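my_file-v7.pdb follows; it contains PDB, C-alpha atoms.
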```pdb
MODEL        1
ATOM      1  CA  MET W   1    -107.133 117.803  50.844
ATOM      2  CA  ASN W   2    -106.908 115.020  48.262
ATOM      3  CA  VAL W   3    -108.572 111.761  49.360
ATOM      4  CA  GLY W   4    -105.733 109.659  47.929
ATOM      5  CA  ILE W   5    -103.044 111.627  49.711
ATOM      6  CA  VAL W   6    -104.809 111.439  53.080
ATOM      7  CA  SER W   7    -105.481 107.709  52.706
ATOM      8  CA  ALA W   8    -101.933 106.959  51.568
ATOM      9  CA  ARG W   9    -100.448 108.858  54.505
ATOM     10  CA  TYR W  10    -102.572 107.017  57.052
ATOM     11  CA  ALA W  11    -101.856 103.666  55.371
ATOM     12  CA  GLU W  12     -98.127 104.404  55.391
ATOM     13  CA  ALA W  13     -98.307 105.365  59.067
ATOM     14  CA  LEU W  14    -100.071 102.091  59.910
ATOM     15  CA  LEU W  15     -97.482 100.121  57.931
ATOM     16  CA  LYS W  16     -94.636 101.849  59.751
ATOM     17  CA  TYR W  17     -96.343 101.319  63.120
ATOM     18  CA  VAL W  18     -96.868  97.576  62.616
ATOM     19  CA  GLY W  19     -93.308  97.314  61.343
ATOM     20  CA  GLU W  20     -92.078  98.753  64.632
ATOM     21  CA  THR W  21     -94.276  96.466  66.747
ATOM     22  CA  GLY W  22     -93.557  93.346  64.694
ATOM     23  CA  ASN W  23     -97.235  92.402  64.495
ATOM     24  CA  GLY W  24     -97.601  93.114  60.777
ATOM     25  CA  GLU W  25     -98.840  89.685  59.693
ATOM     26  CA  THR W  26    -101.705  89.665  62.219
ATOM     27  CA  VAL W  27    -102.724  93.227  61.380
ATOM     28  CA  TYR W  28    -102.561  92.468  57.649
ATOM     29  CA  ARG W  29    -104.839  89.414  57.992
ATOM     30  CA  GLN W  30    -107.331  91.384  60.073
ATOM     31  CA  VAL W  31    -107.266  94.293  57.626
ATOM     32  CA  CYS W  32    -107.965  91.861  54.756
ATOM     33  CA  GLY W  33    -111.009  90.522  56.598
ATOM     34  CA  LEU W  34    -112.226  93.991  57.490
ATOM     35  CA  GLU W  35    -111.791  95.178  53.896
ATOM     36  CA  LYS W  36    -114.030  92.322  52.734
ATOM     37  CA  CYS W  37    -116.648  93.465  55.259
ATOM     38  CA  PHE W  38    -116.454  97.013  53.916
ATOM     39  CA  SER W  39    -116.740  95.772  50.335
ATOM     40  CA  SER W  40    -119.761  93.578  50.948
ATOM     41  CA  LEU W  41    -121.725  95.357  53.695
ATOM     42  CA  GLU W  42    -123.146  98.683  52.583
ATOM     43  CA  ASP W  43    -124.823  99.240  55.956
ATOM     44  CA  MET W  44    -121.459  98.973  57.687
ATOM     45  CA  ARG W  45    -119.941 101.542  55.330
ATOM     46  CA  SER W  46    -122.857 103.914  55.910
ATOM     47  CA  LEU W  47    -122.570 103.530  59.667
ATOM     48  CA  ILE W  48    -118.811 104.144  59.728
ATOM     49  CA  TYR W  49    -118.726 106.927  57.130
ATOM     50  CA  HIS W  50    -121.561 109.093  58.386
ATOM     51  CA  PRO W  51    -120.025 111.810  60.550
ATOM     52  CA  LYS W  52    -123.047 112.457  62.795
ATOM     53  CA  ALA W  53    -125.306 109.406  62.554
ATOM     54  CA  THR W  54    -123.365 107.373  65.095
ATOM     55  CA  SER W  55    -121.094 108.117  67.995
ATOM     56  CA  ASP W  56    -117.363 107.516  67.806
ATOM     57  CA  ARG W  57    -117.682 104.850  70.472
ATOM     58  CA  LEU W  58    -120.245 102.947  68.395
ATOM     59  CA  LYS W  59    -118.035 103.177  65.274
ATOM     60  CA  LEU W  60    -115.127 101.723  67.216
ATOM     61  CA  ARG W  61    -117.348  98.944  68.594
ATOM     62  CA  VAL W  62    -118.590  98.083  65.082
ATOM     63  CA  LEU W  63    -115.018  97.879  63.781
ATOM     64  CA  ALA W  64    -113.982  95.716  66.737
ATOM     65  CA  THR W  65    -116.991  93.436  66.227
ATOM     66  CA  ALA W  66    -116.086  93.002  62.558
ATOM     67  CA  LEU W  67    -112.699  91.745  63.759
ATOM     68  CA  GLY W  68    -114.259  89.223  66.128
ATOM     69  CA  GLY W  69    -114.393  91.442  69.204
ATOM     70  CA  GLU W  70    -111.927  93.836  70.785
ATOM     71  CA  GLU W  71    -110.180  90.989  72.622
ATOM     72  CA  ASN W  72    -109.368  89.316  69.256
ATOM     73  CA  ALA W  73    -108.417  92.506  67.417
ATOM     74  CA  ALA W  74    -104.777  93.464  67.146
ATOM     75  CA  PRO W  75    -104.030  96.257  69.655
ATOM     76  CA  GLU W  76    -102.198  98.195  66.923
ATOM     77  CA  LEU W  77    -105.291  98.133  64.763
ATOM     78  CA  MET W  78    -107.610  99.268  67.546
ATOM     79  CA  ARG W  79    -105.232 102.108  68.393
ATOM     80  CA  PHE W  80    -105.123 103.060  64.710
ATOM     81  CA  PHE W  81    -108.940 103.070  64.512
ATOM     82  CA  ARG W  82    -109.079 105.398  67.517
ATOM     83  CA  LEU W  83    -106.672 107.753  65.734
ATOM     84  CA  VAL W  84    -108.703 107.694  62.508
ATOM     85  CA  ILE W  85    -111.949 108.314  64.390
ATOM     86  CA  ARG W  86    -110.472 111.073  66.567
ATOM     87  CA  HIS W  87    -109.175 112.918  63.481
ATOM     88  CA  LYS W  88    -112.540 112.521  61.686
ATOM     89  CA  ARG W  89    -111.061 110.447  58.840
ATOM     90  CA  THR W  90    -113.524 107.554  58.941
ATOM     91  CA  LYS W  91    -114.831 108.387  55.469
ATOM     92  CA  PHE W  92    -111.379 107.415  54.156
ATOM     93  CA  LEU W  93    -111.118 104.166  56.136
ATOM     94  CA  HIS W  94    -111.964 101.746  53.322
ATOM     95  CA  LEU W  95    -109.396 103.331  51.015
ATOM     96  CA  ILE W  96    -106.832 103.454  53.832
ATOM     97  CA  LEU W  97    -107.291  99.711  54.356
ATOM     98  CA  ARG W  98    -106.899  98.959  50.657
ATOM     99  CA  ILE W  99    -103.764 101.078  50.351
ATOM    100  CA  PHE W 100    -102.324  99.488  53.501
ATOM    101  CA  MET W 101    -102.890  96.021  52.021
ATOM    102  CA  GLU W 102    -101.112  97.016  48.814
ATOM    103  CA  LYS W 103     -98.195  98.617  50.659
ATOM    104  CA  TYR W 104     -97.864  95.637  53.001
ATOM    105  CA  ARG W 105     -97.771  93.228  50.062
ATOM    106  CA  ASN W 106     -95.155  95.303  48.274
ATOM    107  CA  SER W 107     -92.995  95.507  51.382
ATOM    108  CA  ARG W 108     -93.111  91.712  51.795
ATOM    109  CA  GLY W 109     -92.673  90.762  48.120
ATOM    110  CA  ILE W 110     -96.219  89.459  47.763
ATOM    111  CA  SER W 111     -98.311  89.680  44.605
ATOM    112  CA  TRP W 112    -102.091  89.411  44.773
ATOM    113  CA  ALA W 113    -104.183  87.719  42.102
ATOM    114  CA  ARG W 114    -107.651  86.288  41.587
ATOM    115  CA  LEU W 115    -108.304  82.954  39.892
ATOM    116  CA  VAL W 116    -111.829  82.045  38.786
ATOM    117  CA  THR W 117    -112.345  78.460  37.635
ATOM    118  CA  ALA W 118    -115.336  76.399  36.615
ATOM    119  CA  VAL W 119    -114.363  73.715  39.139
ATOM    120  CA  PRO W 120    -111.836  73.833  42.003
ATOM    121  CA  SER W 121    -108.295  72.981  40.870
ATOM    122  CA  GLU W 122    -105.491  72.927  43.429
ATOM    123  CA  GLU W 123    -103.085  71.744  40.749
ATOM    124  CA  LEU W 124    -103.737  74.852  38.646
ATOM    125  CA  GLU W 125    -103.342  77.093  41.700
ATOM    126  CA  LYS W 126     -99.975  75.541  42.557
ATOM    127  CA  LYS W 127     -98.778  75.742  38.966
ATOM    128  CA  ILE W 128     -99.693  79.435  38.637
ATOM    129  CA  ALA W 129     -98.048  80.257  41.984
ATOM    130  CA  GLY W 130     -94.910  78.354  40.962
ATOM    131  CA  VAL W 131     -94.646  80.037  37.562
ATOM    132  CA  LEU W 132     -95.158  83.484  39.067
ATOM    133  CA  HIS W 133     -92.531  82.821  41.741
ATOM    134  CA  ASP W 134     -90.048  81.578  39.114
ATOM    135  CA  VAL W 135     -90.609  84.617  36.889
ATOM    136  CA  THR W 136     -90.840  87.412  39.487
ATOM    137  CA  GLY W 137     -89.380  85.939  42.668
ATOM    138  CA  ARG W 138     -92.488  87.104  44.526
ATOM    139  CA  THR W 139     -94.881  85.044  46.602
ATOM    140  CA  LEU W 140     -98.425  84.802  45.284
ATOM    141  CA  GLU W 141    -101.467  85.469  47.439
ATOM    142  CA  LEU W 142    -104.194  83.877  45.369
ATOM    143  CA  GLU W 143    -107.904  84.457  45.888
ATOM    144  CA  THR W 144    -109.876  81.685  44.259
ATOM    145  CA  LYS W 145    -113.504  81.559  43.208
ATOM    146  CA  ASN W 146    -115.579  78.931  41.430
ATOM    147  CA  ASP W 147    -117.999  79.949  38.693
ATOM    148  CA  PRO W 148    -119.694  77.073  36.825
ATOM    149  CA  SER W 149    -120.860  79.474  34.091
ATOM    150  CA  LEU W 150    -117.287  79.452  32.723
ATOM    151  CA  ILE W 151    -118.017  75.876  31.561
ATOM    152  CA  GLY W 152    -114.278  75.100  31.662
ATOM    153  CA  GLY W 153    -110.910  76.842  31.786
ATOM    154  CA  PHE W 154    -110.159  79.828  34.008
ATOM    155  CA  ILE W 155    -109.893  83.601  34.335
ATOM    156  CA  PHE W 156    -106.744  84.946  35.992
ATOM    157  CA  ASP W 157    -106.557  88.595  37.140
ATOM    158  CA  MET W 158    -103.360  90.152  38.469
ATOM    159  CA  GLU W 159    -102.763  93.873  38.827
ATOM    160  CA  TRP W 160    -103.764  95.332  35.445
ATOM    161  CA  THR W 161    -103.669  92.073  33.501
ATOM    162  CA  ARG W 162    -106.451  89.589  32.760
ATOM    163  CA  LEU W 163    -105.959  86.218  31.153
ATOM    164  CA  ASP W 164    -109.327  84.788  30.104
ATOM    165  CA  ALA W 165    -108.919  81.154  29.076
ATOM    166  CA  SER W 166    -112.501  80.138  29.785
ATOM    167  CA  VAL W 167    -114.629  78.047  27.460
ATOM    168  CA  ALA W 168    -117.533  80.493  27.866
ATOM    169  CA  SER W 169    -115.365  83.375  26.649
ATOM    170  CA  GLN W 170    -114.180  81.386  23.643
ATOM    171  CA  LEU W 171    -117.758  80.424  22.767
ATOM    172  CA  ASN W 172    -118.833  84.077  23.000
ATOM    173  CA  SER W 173    -115.944  85.048  20.724
ATOM    174  CA  ILE W 174    -117.017  82.481  18.119
ATOM    175  CA  LYS W 175    -120.629  83.669  18.425
ATOM    176  CA  ARG W 176    -119.564  87.298  17.794
ATOM    177  CA  GLN W 177    -117.568  86.216  14.750
ATOM    178  CA  PHE W 178    -120.574  84.414  13.264
ATOM    179  CA  ILE W 179    -122.860  87.373  13.928
ATOM    180  CA  GLU W 180    -120.381  89.785  12.315
ATOM    181  CA  LYS W 181    -119.916  87.513   9.297
ATOM    182  CA  ASN W 182    -123.692  87.186   8.841
ATOM    183  CA  ARG W 183    -124.119  90.978   8.981
ATOM    184  CA  ARG W 184    -121.710  91.366   6.063
ATOM    185  CA  ILE W 185    -123.562  88.752   4.015
ATOM    186  CA  VAL W 186    -127.004  90.314   4.464
TER     187      VAL W 186
ENDMDL
END
```
In structure tokens, what does this structure look like?
Amino acid sequence: MNVGIVSARYAEALLKYVGETGNGETVYRQVCGLEKCFSSLEDMRSLIYHPKATSDRLKLRVLATALGGEENAAPELMRFFRLVIRHKRTKFLHLILRIFMEKYRNSRGISWARLVTAVPSEELEKKIAGVLHDVTGRTLELETKNDPSLIGGFIFDMEWTRLDASVASQLNSIKRQFIEKNRRIV
């Protein structure tokens, strides 16, 4: 069966389930945190994905620990993890979480974007969120990151669009133009 289809079906089922229980916001926040763990911790992915290396109980305990312990984890999420583990779909879990996040955002009118700046700028964050809300009517969930190598300006990523207004990018563009011009002369 297609990985995307399986993951989308499980993500849709989780979205419907949290919609019925009314605990969607809590589950969404926990899924966001867990997705970051999956993205950054290769050992965690290996442990969860491997079908025979670890027991189902240990996989569930690892997932609960990543959420701050089973007592802090949303009951809907723990029940969902048990379902995924029981049906041997753990290798799809990271993709299921990502698809759930996207579907949850779409159902709530939320757009996700990343803003990378040379220095922190709350004013820029507010301005971008305001402009996006005025244009689309959607709320912006903005992930921010500071990268001094940009020298100044910012890089804004949203869906399939990137706006690179960084000084470093402009300097690299000028450098490429000079190199190209010098190649023609020689």
Result set, the PyMOL selection byres ((chain W and resi 56-61) around 8) on current file, as a ChimeraX atom specification: /W:47-48,54-55,62-65,70,78,81-82,85-86
Spatial neighbours of Pro75 in chain W, 12 Å, all atoms listed in the file, chain gap at least 4 places, as a VMD selection string: chain W and resid 17 to 18 21 to 24 26 to 27 30 64 67 69 to 71 79 to 82
Mind dumping the selected residues with C-alpha atoms as a compact mmCIF listing (two decimals), keeping the file's coordinate frame?
```
# COMPACT_ATOMS: atom_id res chain seq x y z
CA TYR W 17 -96.34 101.32 63.12
CA VAL W 18 -96.87 97.58 62.62
CA THR W 21 -94.28 96.47 66.75
CA GLY W 22 -93.56 93.35 64.69
CA ASN W 23 -97.24 92.40 64.50
CA GLY W 24 -97.60 93.11 60.78
CA THR W 26 -101.70 89.66 62.22
CA VAL W 27 -102.72 93.23 61.38
CA GLN W 30 -107.33 91.38 60.07
CA ALA W 64 -113.98 95.72 66.74
CA LEU W 67 -112.70 91.74 63.76
CA GLY W 69 -114.39 91.44 69.20
CA GLU W 70 -111.93 93.84 70.78
CA GLU W 71 -110.18 90.99 72.62
CA ARG W 79 -105.23 102.11 68.39
CA PHE W 80 -105.12 103.06 64.71
CA PHE W 81 -108.94 103.07 64.51
CA ARG W 82 -109.08 105.40 67.52
```
Chain and number of each residue from the PyMOL selection byres ((chain W and resi 137-146) around 7), as number ranges by chain: W: 109-120, 129, 133-136, 147-148
Residues matched by the PyMOL selection byres ((chain W and resi 11) around 6) as a list in words: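 So the PyMOL selection byres ((chain W and resi 11) around 6), applied here, picks out Ala8, Arg9, Tyr10, Glu12, Ala13, Leu14, Ile96, Ile99 and Phe100 of chain W.
Atom to atom, CA of Arg105 in chain W and CA of Met158 in chain W stand 13.2 Å apart.
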d(CA of Arg89 in chain W, CA of Glu25 in chain W) in Å: 24.1 Å
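When all atoms listed in the file are used to measure the gap to Val31 in chain W, the shortest distance among W:Met44, W:Leu95, W:Val3, W:Ile155 belongs to W:Leu95.
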Between CA of Tyr28 in chain W and CA of Ile5 in chain W - distance in Å to one decimal: 20.7 Å
Radius query 8 Å about (-109.0, 74.9, 30.4), atoms used: only C-alpha atoms, as a ChimeraX atom specification: /W:152-154,165-167
Those same residues, written as a PDB file, in the frame of the given file with C-alpha atoms?
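Dumped everything to again-v3.pdb:
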```
ATOM      1  CA  GLY W 152    -114.278  75.100  31.662  1.00  0.00           C
ATOM      2  CA  GLY W 153    -110.910  76.842  31.786  1.00  0.00           C
ATOM      3  CA  PHE W 154    -110.159  79.828  34.008  1.00  0.00           C
ATOM      4  CA  ALA W 165    -108.919  81.154  29.076  1.00  0.00           C
ATOM      5  CA  SER W 166    -112.501  80.138  29.785  1.00  0.00           C
ATOM      6  CA  VAL W 167    -114.629  78.047  27.460  1.00  0.00           C
TER       7      VAL W 167
END
```
May I have the centre and edge lengths, in Å to one decimal, of an axis-aligned box around the listed atoms of range 44-48 of chain W with 8 Å added to every side, as lines of an AutoDock Vina configuration file?
```
center_x = -120.8
center_y = 101.6
center_z = 57.5
size_x = 20.0
size_y = 21.2
size_z = 20.4
```
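Using only C-alpha atoms, the smallest distance between any of W:Leu15, W:His94, W:Gly4, W:Leu132 and Leu41 in chain W comes from W:His94.
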Best match for closeness to Leu163 in chain W among W:Ile128, W:Ser40, W:Ser121, W:Gly19, counting all atoms listed in the file: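 Closest to Leu163 in chain W, using all atoms listed in the file: W:Ile128.
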Counting only C-alpha atoms, the residue of W:Lys91, W:Arg108, W:Arg29, W:Lys36 that sits nearest Ala73 in chain W: W:Arg29
Nearest-residue call for Leu77 in chain W, choices W:Glu42, W:Leu34, W:Lys126, W:Asn106, using all atoms listed in the file: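 Result for the nearest residue to Leu77 in chain W: W:Leu34.
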